[in-house]
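Structure first, then comments.
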Amino acid sequence: MVIAYLRVSTEKQFLENQKNEILRFANRNSLKINEWHKETVSGSVSTKERKLSKLLRKMKSGDLLIVTEISRLSRTLLDIMNILNLCIKKKITLYSTKDGYIFQDNINSKVLGFAFGLVAEIERNLISIRTREALARRKIEGQKLGRKTGSSTKTKVLHDNKRVIMRYLEQGMSQRSVALLLCVSRSTLSRYIKTELNC
């Protein structure tokens, strides 16, 4: 059975691009997609709390799982490694179309999976370090961090920086760091994410 898995972090992102990418891949490789599984949830949410977990449990030896990118499976190293190990153990072949990776029950796939997950984790750590350095530099330069007391423009700031917020969250930046960069409180940002971004 050939199964396609698509995931976005918010309802305002489009699944259509992922679907088209997978269809092109399937056509090039003469594959017919038997099932489509779509999910709107942050990649930082544990796999156990997502539909993906149920999907992986029901898949059997010889099945094919197709995603556009490994990051569609998860944003955390531990989850990525657990998913790859489960697929290899169950003899499920995993295709990542944009990355050009094929994960199956062989040593090359195991090494590649570990390397990919490690690089993703290092990149997230570097983003966090760069954020802390930028905040420290702004503080040294005398810029006040956080929102101004009683500011009536905080909602407008968030609306104006909607794409930036989504990108930072996708890259694994904490809400606290994003709030400091935008000079709003963490609670304000959190409310905005829940109500406007549906995360």
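Chain lettering (A, B, ...) mirrors the order of the structure tokens, residue numbering begins at 1 for each chain separately, and ligand numbering begins at 1 in order of display.
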At a cut-off of 12 Å, using only C-alpha atoms, what residues contact A:Lys156? Leave out same-chain residues fewer than 5 positions from it and give the result as a PyMOL selection string.
chain A and resi 151+161-162+182-184+188-189+192
Written selection (N, CA and C atoms) as a PDB file, in the first residue's frame:
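Saved result, out24.pdb, follows:
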ATOM      1  N   SER A 151       0.911  49.510  25.924  1.00  0.00           N
ATOM      2  CA  SER A 151       0.964  49.724  24.476  1.00  0.00           C
ATOM      3  C   SER A 151      -0.323  49.270  23.803  1.00  0.00           C
ATOM      4  N   ASN A 161       3.723  41.318  11.523  1.00  0.00           N
ATOM      5  CA  ASN A 161       4.842  40.370  11.515  1.00  0.00           C
ATOM      6  C   ASN A 161       4.376  38.916  11.495  1.00  0.00           C
ATOM      7  N   LYS A 162       3.182  38.702  10.980  1.00  0.00           N
ATOM      8  CA  LYS A 162       2.586  37.362  10.992  1.00  0.00           C
ATOM      9  C   LYS A 162       3.483  36.322  10.325  1.00  0.00           C
ATOM     10  N   LEU A 182       9.843  40.908  19.163  1.00  0.00           N
ATOM     11  CA  LEU A 182       8.770  41.767  18.667  1.00  0.00           C
ATOM     12  C   LEU A 182       8.302  42.783  19.712  1.00  0.00           C
ATOM     13  N   CYS A 183       8.941  42.741  20.895  1.00  0.00           N
ATOM     14  CA  CYS A 183       8.617  43.682  21.974  1.00  0.00           C
ATOM     15  C   CYS A 183       7.159  43.573  22.424  1.00  0.00           C
ATOM     16  N   VAL A 184       6.686  42.340  22.565  1.00  0.00           N
ATOM     17  CA  VAL A 184       5.359  42.095  23.135  1.00  0.00           C
ATOM     18  C   VAL A 184       5.524  41.071  24.241  1.00  0.00           C
ATOM     19  N   THR A 188       0.704  37.701  25.353  1.00  0.00           N
ATOM     20  CA  THR A 188       0.040  38.330  24.205  1.00  0.00           C
ATOM     21  C   THR A 188       0.318  37.546  22.939  1.00  0.00           C
ATOM     22  N   LEU A 189       1.581  37.158  22.763  1.00  0.00           N
ATOM     23  CA  LEU A 189       1.953  36.372  21.583  1.00  0.00           C
ATOM     24  C   LEU A 189       1.245  35.022  21.590  1.00  0.00           C
ATOM     25  N   TYR A 192      -2.293  35.407  20.566  1.00  0.00           N
ATOM     26  CA  TYR A 192      -2.347  35.685  19.128  1.00  0.00           C
ATOM     27  C   TYR A 192      -2.166  34.401  18.322  1.00  0.00           C
TER      28      TYR A 192
END
Quick one: residues within 12 Å of A:Lys48, only C-alpha atoms, excluding same-chain residues fewer than 2 positions away - as a list in words?
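Near neighbours after the sequence-gap exclusion: Gly43, Ser44, Val45, Ser46, Arg50, Lys51, Leu52, Ser53, Lys54, Leu55, Leu56, Arg57, Leu73, Ser74, Asp79, Asn82 and Ile83 of chain A.
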Just C-alpha atoms for this one: save the residues we selected as a short mmCIF file (atom, residue, chain, number, x, y, z; two decimals), in the first residue's frame.
data_model
loop_
_atom_site.label_atom_id
_atom_site.label_comp_id
_atom_site.auth_asym_id
_atom_site.auth_seq_id
_atom_site.Cartn_x
_atom_site.Cartn_y
_atom_site.Cartn_z
CA GLY A 43 5.64 19.68 14.07
CA SER A 44 6.85 20.28 17.62
CA VAL A 45 3.84 18.37 19.00
CA SER A 46 4.83 14.82 19.97
CA ARG A 50 -0.89 13.26 16.35
CA LYS A 51 -2.75 11.25 13.70
CA LEU A 52 0.64 10.19 12.33
CA SER A 53 1.10 7.82 15.28
CA LYS A 54 -2.11 5.94 14.46
CA LEU A 55 -1.11 5.81 10.79
CA LEU A 56 2.32 4.33 11.55
CA ARG A 57 0.80 1.70 13.84
CA LEU A 73 7.16 14.17 10.17
CA SER A 74 8.46 16.21 13.09
CA ASP A 79 10.70 12.13 17.11
CA ASN A 82 11.81 7.25 16.51
CA ILE A 83 9.75 7.47 13.32
#
Find the residue from A:Lys91, A:Arg75, A:Lys98, A:Lys144 that sits nearest to A:Ile22; use only C-alpha atoms when measuring.
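Of A:Lys91, A:Arg75, A:Lys98, A:Lys144, the one nearest A:Ile22 is A:Lys98, counting only C-alpha atoms.
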Please indicate the distance in Å from atom CA of A:Gly172 to atom CA of A:Ala134, rounded to one decimal place.
16.4 Å
Hey, what does DSSP flag as strand (DSSP E) within chain A? Can you give it to me as a ChimeraX atom specification?
/A:2-8,35-40,64-67,93-96,101-103
Next, write the just-selected residues to a file, as an mmCIF file, in the first residue's frame, keeping C-alpha atoms as the atom set.
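After the write, selection-v2.cif holds the following:
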data_model
loop_
_atom_site.group_PDB
_atom_site.id
_atom_site.type_symbol
_atom_site.label_atom_id
_atom_site.label_comp_id
_atom_site.auth_asym_id
_atom_site.auth_seq_id
_atom_site.Cartn_x
_atom_site.Cartn_y
_atom_site.Cartn_z
ATOM 1 C CA VAL A 2 1.245 3.494 -0.883
ATOM 2 C CA ILE A 3 0.323 6.179 1.662
ATOM 3 C CA ALA A 4 0.924 9.924 1.421
ATOM 4 C CA TYR A 5 1.212 12.026 4.582
ATOM 5 C CA LEU A 6 0.766 15.801 4.472
ATOM 6 C CA ARG A 7 1.136 18.184 7.424
ATOM 7 C CA VAL A 8 0.934 21.935 7.950
ATOM 8 C CA GLU A 35 -4.469 6.707 0.876
ATOM 9 C CA TRP A 36 -3.997 10.395 1.692
ATOM 10 C CA HIS A 37 -3.568 11.444 5.317
ATOM 11 C CA LYS A 38 -3.691 15.164 6.115
ATOM 12 C CA GLU A 39 -3.021 16.855 9.423
ATOM 13 C CA THR A 40 -2.945 20.433 10.714
ATOM 14 C CA LEU A 64 5.373 2.864 1.272
ATOM 15 C CA LEU A 65 5.050 6.176 3.113
ATOM 16 C CA ILE A 66 5.619 9.369 1.122
ATOM 17 C CA VAL A 67 6.227 12.860 2.535
ATOM 18 C CA THR A 93 9.886 2.290 2.988
ATOM 19 C CA LEU A 94 9.829 6.043 3.571
ATOM 20 C CA TYR A 95 10.268 8.470 0.667
ATOM 21 C CA SER A 96 11.069 12.151 1.162
ATOM 22 C CA TYR A 101 15.870 10.443 0.526
ATOM 23 C CA ILE A 102 14.751 6.836 0.667
ATOM 24 C CA PHE A 103 14.723 5.230 4.109
#
Set the distance at 12 Å and use only C-alpha atoms: which residues neighbour A:Ile122 once local chain neighbours fewer than 6 positions away are removed? I'd like the list as a PyMOL selection string.
chain A and resi 75-77+115-116+128-129+171-172
Go ahead and write the selection's residues with N, CA and C atoms as a short mmCIF file (atom, residue, chain, number, x, y, z; two decimals), in the first residue's frame.
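Written file, selection_9.cif:
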data_model
loop_
_atom_site.label_atom_id
_atom_site.label_comp_id
_atom_site.auth_asym_id
_atom_site.auth_seq_id
_atom_site.Cartn_x
_atom_site.Cartn_y
_atom_site.Cartn_z
N ARG A 75 9.57 18.12 14.06
CA ARG A 75 10.59 19.16 14.16
C ARG A 75 11.64 18.81 15.21
N THR A 76 11.48 17.67 15.88
CA THR A 76 12.44 17.33 16.91
C THR A 76 13.26 16.10 16.53
N LEU A 77 14.51 16.11 16.93
CA LEU A 77 15.43 15.03 16.61
C LEU A 77 14.91 13.69 17.12
N ALA A 115 22.08 11.29 10.65
CA ALA A 115 22.77 12.51 10.23
C ALA A 115 21.76 13.64 9.99
N PHE A 116 20.66 13.32 9.34
CA PHE A 116 19.65 14.34 9.07
C PHE A 116 19.08 14.90 10.35
N SER A 128 18.65 29.34 18.24
CA SER A 128 18.46 29.78 19.62
C SER A 128 19.63 30.63 20.09
N ILE A 129 20.85 30.20 19.77
CA ILE A 129 22.05 30.95 20.15
C ILE A 129 22.06 32.33 19.50
N GLN A 171 10.90 27.23 12.63
CA GLN A 171 12.32 26.95 12.81
C GLN A 171 12.63 26.47 14.23
N GLY A 172 11.62 26.44 15.08
CA GLY A 172 11.82 25.92 16.43
C GLY A 172 12.14 26.96 17.49
#
